[in-house]
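Here is the file start.cif (mmCIF, C-alpha atoms and all ligand atoms).
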```cif
data_protein
#
loop_
_atom_site.label_atom_id
_atom_site.label_comp_id
_atom_site.auth_asym_id
_atom_site.auth_seq_id
_atom_site.Cartn_x
_atom_site.Cartn_y
_atom_site.Cartn_z
CA MET I 27 -269.05 84.24 -80.91
CA LEU I 28 -270.46 81.51 -83.12
CA THR I 29 -268.79 78.20 -83.83
CA LYS I 30 -268.32 77.40 -87.52
CA LYS I 31 -270.98 74.70 -87.29
CA MET I 32 -273.49 77.06 -85.67
CA GLU I 33 -272.77 79.83 -88.16
CA GLU I 34 -273.35 77.49 -91.10
CA ALA I 35 -276.57 76.14 -89.59
CA ILE I 36 -278.01 79.63 -89.03
CA ASN I 37 -276.98 80.62 -92.55
CA GLU I 38 -278.89 77.61 -93.83
CA GLN I 39 -281.93 78.68 -91.80
CA ILE I 40 -281.72 82.24 -93.20
CA LYS I 41 -282.09 80.64 -96.62
CA TRP I 42 -285.13 78.68 -95.37
CA GLU I 43 -286.78 81.81 -94.01
CA PHE I 44 -286.26 83.59 -97.32
CA TYR I 45 -287.53 80.51 -99.13
CA SER I 46 -290.63 80.62 -96.90
CA SER I 47 -291.17 84.26 -97.83
CA TYR I 48 -290.84 83.37 -101.50
CA LEU I 49 -293.27 80.46 -101.12
CA TYR I 50 -295.90 82.63 -99.45
CA LEU I 51 -295.50 85.35 -102.05
CA SER I 52 -296.08 82.67 -104.68
CA MET I 53 -299.22 81.64 -102.78
CA SER I 54 -300.31 85.28 -102.71
CA ALA I 55 -300.07 85.34 -106.52
CA TYR I 56 -301.99 82.05 -106.70
CA PHE I 57 -304.85 83.47 -104.61
CA GLN I 58 -304.84 86.68 -106.60
CA GLY I 59 -305.27 84.55 -109.74
CA LEU I 60 -308.22 82.75 -108.13
CA GLY I 61 -310.00 86.05 -107.44
CA LEU I 62 -309.49 85.80 -103.66
CA PRO I 63 -307.77 89.11 -102.82
CA GLY I 64 -308.22 88.64 -99.05
CA PHE I 65 -306.26 85.37 -99.07
CA ALA I 66 -303.68 87.10 -101.28
CA THR I 67 -303.31 89.94 -98.76
CA TRP I 68 -303.03 87.44 -95.91
CA MET I 69 -300.23 85.62 -97.72
CA GLU I 70 -298.47 88.88 -98.53
CA ALA I 71 -298.45 89.70 -94.80
CA GLN I 72 -296.98 86.23 -94.18
CA TYR I 73 -294.31 86.92 -96.80
CA GLN I 74 -293.33 90.06 -94.86
CA GLU I 75 -293.26 88.11 -91.62
CA GLU I 76 -290.84 85.57 -93.10
CA VAL I 77 -288.53 88.33 -94.34
CA PHE I 78 -288.60 89.66 -90.78
CA HIS I 79 -287.59 86.20 -89.48
CA ALA I 80 -284.73 86.00 -91.98
CA MET I 81 -283.50 89.48 -91.10
CA LYS I 82 -283.67 88.76 -87.38
CA MET I 83 -281.23 85.88 -87.95
CA PHE I 84 -279.16 87.97 -90.37
CA LYS I 85 -278.68 90.64 -87.68
CA TYR I 86 -277.93 88.05 -85.02
CA VAL I 87 -275.11 86.47 -87.06
CA ASN I 88 -273.62 89.94 -87.62
CA ASP I 89 -273.98 90.88 -83.95
CA GLN I 90 -272.13 87.70 -83.02
CA GLY I 91 -269.22 88.55 -85.31
CA GLY I 92 -270.20 85.82 -87.77
CA ARG I 93 -270.45 86.04 -91.52
CA VAL I 94 -273.76 85.87 -93.34
CA LYS I 95 -273.46 83.97 -96.59
CA LEU I 96 -276.66 84.15 -98.61
CA GLN I 97 -277.51 81.03 -100.58
CA ALA I 98 -279.59 80.26 -103.65
CA ILE I 99 -283.31 80.07 -103.02
CA ASP I 100 -285.26 77.29 -104.73
CA GLN I 101 -288.16 78.10 -107.01
CA PRO I 102 -291.36 77.75 -104.98
CA GLU I 103 -294.44 75.80 -106.05
CA GLN I 104 -296.85 77.89 -108.10
CA GLU I 105 -300.07 75.90 -108.35
CA TRP I 106 -302.30 74.08 -105.89
CA LYS I 107 -305.49 72.08 -106.35
CA SER I 108 -307.64 74.36 -104.19
CA PRO I 109 -307.39 77.02 -101.47
CA LEU I 110 -307.57 74.21 -98.90
CA ASP I 111 -304.78 72.29 -100.62
CA CYS I 112 -302.65 75.45 -100.59
CA MET I 113 -303.28 76.19 -96.90
CA GLU I 114 -302.59 72.58 -95.90
CA PHE I 115 -299.35 72.75 -97.88
CA SER I 116 -298.35 75.86 -95.93
CA LEU I 117 -299.25 74.25 -92.59
CA ASN I 118 -297.01 71.29 -93.44
CA HIS I 119 -294.28 73.71 -94.46
CA GLU I 120 -294.52 75.43 -91.06
CA ARG I 121 -294.27 72.05 -89.31
CA LEU I 122 -291.06 71.46 -91.23
CA VAL I 123 -289.74 74.87 -90.17
CA THR I 124 -290.59 74.03 -86.54
CA LYS I 125 -288.52 70.87 -86.83
CA ARG I 126 -285.63 72.84 -88.29
CA ILE I 127 -285.75 75.42 -85.49
CA ASN I 128 -285.83 72.62 -82.90
CA ASP I 129 -282.81 71.00 -84.57
CA LEU I 130 -281.00 74.37 -84.45
CA ALA I 131 -281.75 74.66 -80.72
CA SER I 132 -280.41 71.13 -80.17
CA LEU I 133 -277.25 72.04 -82.06
CA ALA I 134 -276.82 75.17 -79.91
CA GLN I 135 -276.99 72.93 -76.85
CA GLU I 136 -274.47 70.50 -78.31
CA GLU I 137 -272.14 73.40 -79.11
CA LYS I 138 -272.67 74.81 -75.60
CA ASP I 139 -273.71 78.04 -77.31
CA HIS I 140 -276.01 79.49 -74.65
CA ALA I 141 -276.48 82.85 -76.38
CA THR I 142 -277.79 81.21 -79.55
CA PHE I 143 -279.93 78.85 -77.52
CA ILE I 144 -281.59 81.86 -75.84
CA PHE I 145 -281.88 83.67 -79.19
CA LEU I 146 -283.72 80.67 -80.62
CA GLN I 147 -286.33 80.67 -77.84
CA TRP I 148 -288.11 83.51 -79.66
CA PHE I 149 -288.34 81.34 -82.79
CA ILE I 150 -289.53 78.32 -80.82
CA SER I 151 -292.45 80.35 -79.42
CA GLU I 152 -293.04 81.94 -82.79
CA GLN I 153 -293.42 78.51 -84.43
CA VAL I 154 -296.16 77.57 -81.95
CA GLU I 155 -298.01 80.70 -83.12
CA GLU I 156 -297.27 80.04 -86.77
CA GLU I 157 -298.67 76.51 -86.68
CA ASP I 158 -301.71 77.74 -84.76
CA THR I 159 -302.35 80.58 -87.24
CA PHE I 160 -302.12 78.34 -90.31
CA GLY I 161 -304.08 75.56 -88.60
CA ASP I 162 -306.86 78.03 -87.83
CA VAL I 163 -307.24 79.00 -91.49
CA VAL I 164 -307.21 75.32 -92.52
CA SER I 165 -310.01 74.57 -90.02
CA LYS I 166 -312.09 77.52 -91.19
CA LEU I 167 -311.64 76.50 -94.83
CA LYS I 168 -312.83 72.99 -94.02
CA LEU I 169 -315.90 74.44 -92.34
CA VAL I 170 -316.91 76.85 -95.10
CA GLY I 171 -316.19 74.60 -98.10
CA ASP I 172 -316.41 76.14 -101.57
CA GLY I 173 -319.65 78.11 -101.20
CA GLY I 174 -320.42 81.69 -100.23
CA GLY I 175 -318.62 81.23 -96.92
CA LEU I 176 -315.36 81.26 -98.83
CA PHE I 177 -315.92 84.87 -99.85
CA MET I 178 -316.76 85.86 -96.28
CA LEU I 179 -313.55 84.20 -95.11
CA ASP I 180 -311.70 86.01 -97.90
CA ARG I 181 -313.01 89.34 -96.60
CA ASP I 182 -311.97 88.38 -93.09
CA LEU I 183 -308.43 87.34 -94.05
CA GLY I 184 -307.97 90.51 -96.09
CA THR I 185 -307.81 92.57 -92.89
CA ARG I 186 -304.47 91.04 -91.87
CA VAL I 187 -301.58 93.50 -91.61
CA PHE I 188 -298.04 92.53 -90.65
CA THR I 189 -296.72 94.57 -87.74
CA PRO I 190 -293.15 93.80 -86.67
CA PRO I 191 -292.96 92.86 -82.96
CA THR I 192 -291.57 95.88 -81.07
CA LYS I 193 -289.29 93.95 -78.75
CA ALA I 194 -288.04 91.52 -81.39
FE1 LIG I 201 -290.36 81.73 -90.32
FE2 LIG I 201 -293.28 80.77 -90.74
O1 LIG I 201 -291.63 80.54 -89.95
#
```
Give the structure from this file in structure tokens form.
Ligand code: FEO
Amino acid sequence: MLTKKMEEAINEQIKWEFYSSYLYLSMSAYFQGLGLPGFATWMEAQYQEEVFHAMKMFKYVNDQGGRVKLQAIDQPEQEWKSPLDCMEFSLNHERLVTKRINDLASLAQEEKDHATFIFLQWFISEQVEEEDTFGDVVSKLKLVGDGGGLFMLDRDLGTRVFTPPTKA
């Protein structure tokens, strides 16, 4: 069973995960507009991953007898100065999400909610991966610059497919 405080905090995070999905879908549209379909596909896969995160929390609240209350999602940014600017923006966004997940885990400890604390371990590990994945694209973008390497990177990123983790 979830305490009221814990339930509200997870509901808030569900909103953040859906906001993240919305943001990455907006980035996918941005890259499509730039003529970089590989980046667009990569961001679309990330959008699906964020929906998966949101739904994992959605199911958890239900399983714990809590009540999911969906909240309004803010309009995401739509324009960036460059592909690098966009990817750096997303890396900073992921760092913010990491902080939020860590705060949730701290709250679970304060509330002596061991089940939620264990549930959040998956997200804590996931955020390490998320920051690494985004950081990797940022590094590659810095290396290739704006020249022909950008199109090779685009081809590379276009192979990404989102596969839901089987044991999640
Ligand atoms: Fe749901 Fe990218 O963190």
Show which residues sit within 10 Å of segment 90-98 of chain I, as an MDAnalysis selection string. Count all atoms listed in the file, and ignore same-chain residues fewer than 5 positions away.
-> chainID I and resid 27:30 32:34 36:38 40:42 44:45 83:85 141:142
Selected residue, from I:Pro109, I:Glu75, I:Val170, I:Gln147, that lies nearest to Leu62 of chain I when counting only C-alpha atoms = I:Pro109
Grab me every residue within 10 Å of ligand LIG 201 (chain I), counting all atoms listed in the file, and send it over as an MDAnalysis selection string.
-> chainID I and resid 39:40 42:47 50 72:80 116:117 119:124 126:127 149:150 152:157 159:160
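Picture a line from atom CA of Gly59 of chain I to atom CA of Ile99 of chain I; it runs 23.4 Å.
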Which residues are close to His140 of chain I, i.e. within 10 Å by only C-alpha atoms, leaving aside same-chain residues fewer than 6 positions away? Reply as an mmCIF file with C-alpha atoms, in the coordinates of the input.
```cif
data_model
loop_
_atom_site.group_PDB
_atom_site.id
_atom_site.type_symbol
_atom_site.label_atom_id
_atom_site.label_comp_id
_atom_site.auth_asym_id
_atom_site.auth_seq_id
_atom_site.Cartn_x
_atom_site.Cartn_y
_atom_site.Cartn_z
ATOM 1 C CA ALA I 131 -281.750 74.660 -80.720
ATOM 2 C CA ALA I 134 -276.820 75.170 -79.910
ATOM 3 C CA LEU I 146 -283.720 80.670 -80.620
#
```
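Using only C-alpha atoms for every distance, the candidate list I:Ser151, I:Met69, I:Leu110, I:Asp100 yields I:Met69 as the residue closest to Phe188 of chain I.
Each of I:Leu133, I:Val87, I:Cys112, I:Val164 was compared to Leu60 of chain I using only C-alpha atoms, and I:Cys112 turns out to be the nearest.
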Near-Met113 of chain I list (12 Å; all atoms listed in the file; drop same-chain fewer than 5 positions) as an NGL selection string | :I and (49-50 or 53-54 or 56-57 or 65-66 or 68-69 or 105-108 or 118-120 or 157 or 159-168)
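Considering only C-alpha atoms, the residue among I:Thr189, I:Gln135, I:Asn128, I:Ser52 positioned nearest to Pro102 of chain I is I:Ser52.
Nearest residue to Tyr86 of chain I among I:Phe145, I:Glu103, I:Ala35, I:Gly64 is I:Phe145, counting all atoms listed in the file.
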I:Glu114, I:Asp89, I:Glu70, I:Glu136 ranked by distance to Gly184 of chain I, top pick (using all atoms listed in the file) | I:Glu70
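Taking atom CA of Leu130 of chain I as the reference point, atom CA of Ala71 of chain I is found at 25.4 Å.
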Separation of atom CA of Lys125 of chain I from atom CA of Asp111 of chain I, in Å and rounded to one decimal = 21.4 Å
For segment 83-103 of chain I, where the input has fewer atoms than it should, I would like N, CA and C atoms rebuilt and written as a tab-separated table (two decimals), in the frame of the given file.
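That gives us out-v7.tsv:
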```tsv
chain	number	residue	atom	x	y	z
I	83	MET	N	-282.38	86.78	-88.00
I	83	MET	CA	-281.23	85.88	-87.95
I	83	MET	C	-280.00	86.54	-88.59
I	84	PHE	N	-280.24	87.25	-89.67
I	84	PHE	CA	-279.16	87.97	-90.37
I	84	PHE	C	-278.45	88.91	-89.39
I	85	LYS	N	-279.25	89.68	-88.64
I	85	LYS	CA	-278.68	90.64	-87.68
I	85	LYS	C	-277.96	89.91	-86.55
I	86	TYR	N	-278.54	88.78	-86.13
I	86	TYR	CA	-277.93	88.05	-85.02
I	86	TYR	C	-276.54	87.54	-85.42
I	87	VAL	N	-276.42	86.99	-86.61
I	87	VAL	CA	-275.11	86.47	-87.06
I	87	VAL	C	-274.10	87.62	-87.09
I	88	ASN	N	-274.51	88.76	-87.61
I	88	ASN	CA	-273.62	89.94	-87.62
I	88	ASN	C	-273.25	90.37	-86.22
I	89	ASP	N	-274.24	90.44	-85.33
I	89	ASP	CA	-273.98	90.88	-83.95
I	89	ASP	C	-273.00	89.95	-83.25
I	90	GLN	N	-273.00	88.69	-83.66
I	90	GLN	CA	-272.13	87.70	-83.02
I	90	GLN	C	-270.76	87.61	-83.71
I	91	GLY	N	-270.52	88.54	-84.62
I	91	GLY	CA	-269.22	88.55	-85.31
I	91	GLY	C	-269.09	87.46	-86.36
I	92	GLY	N	-270.23	86.87	-86.74
I	92	GLY	CA	-270.20	85.82	-87.77
I	92	GLY	C	-270.32	86.44	-89.15
I	93	ARG	N	-270.38	85.57	-90.14
I	93	ARG	CA	-270.45	86.04	-91.52
I	93	ARG	C	-271.68	85.44	-92.19
I	94	VAL	N	-272.59	86.34	-92.61
I	94	VAL	CA	-273.76	85.87	-93.34
I	94	VAL	C	-273.34	85.53	-94.76
I	95	LYS	N	-273.72	84.35	-95.20
I	95	LYS	CA	-273.46	83.97	-96.59
I	95	LYS	C	-274.79	83.54	-97.21
I	96	LEU	N	-275.34	84.43	-98.02
I	96	LEU	CA	-276.66	84.15	-98.61
I	96	LEU	C	-276.53	83.05	-99.66
I	97	GLN	N	-277.53	82.18	-99.67
I	97	GLN	CA	-277.51	81.03	-100.58
I	97	GLN	C	-278.64	81.11	-101.60
I	98	ALA	N	-278.55	80.27	-102.61
I	98	ALA	CA	-279.59	80.26	-103.65
I	98	ALA	C	-280.91	79.78	-103.06
I	99	ILE	N	-281.97	80.44	-103.49
I	99	ILE	CA	-283.31	80.07	-103.02
I	99	ILE	C	-284.01	79.28	-104.12
I	100	ASP	N	-284.56	78.13	-103.75
I	100	ASP	CA	-285.26	77.29	-104.73
I	100	ASP	C	-286.50	77.98	-105.26
I	101	GLN	N	-286.89	77.59	-106.45
I	101	GLN	CA	-288.16	78.10	-107.01
I	101	GLN	C	-289.31	77.49	-106.21
I	102	PRO	N	-290.24	78.31	-105.76
I	102	PRO	CA	-291.36	77.75	-104.98
I	102	PRO	C	-292.42	77.14	-105.89
I	103	GLU	N	-293.28	76.31	-105.31
I	103	GLU	CA	-294.44	75.80	-106.05
I	103	GLU	C	-295.29	76.99	-106.51
```
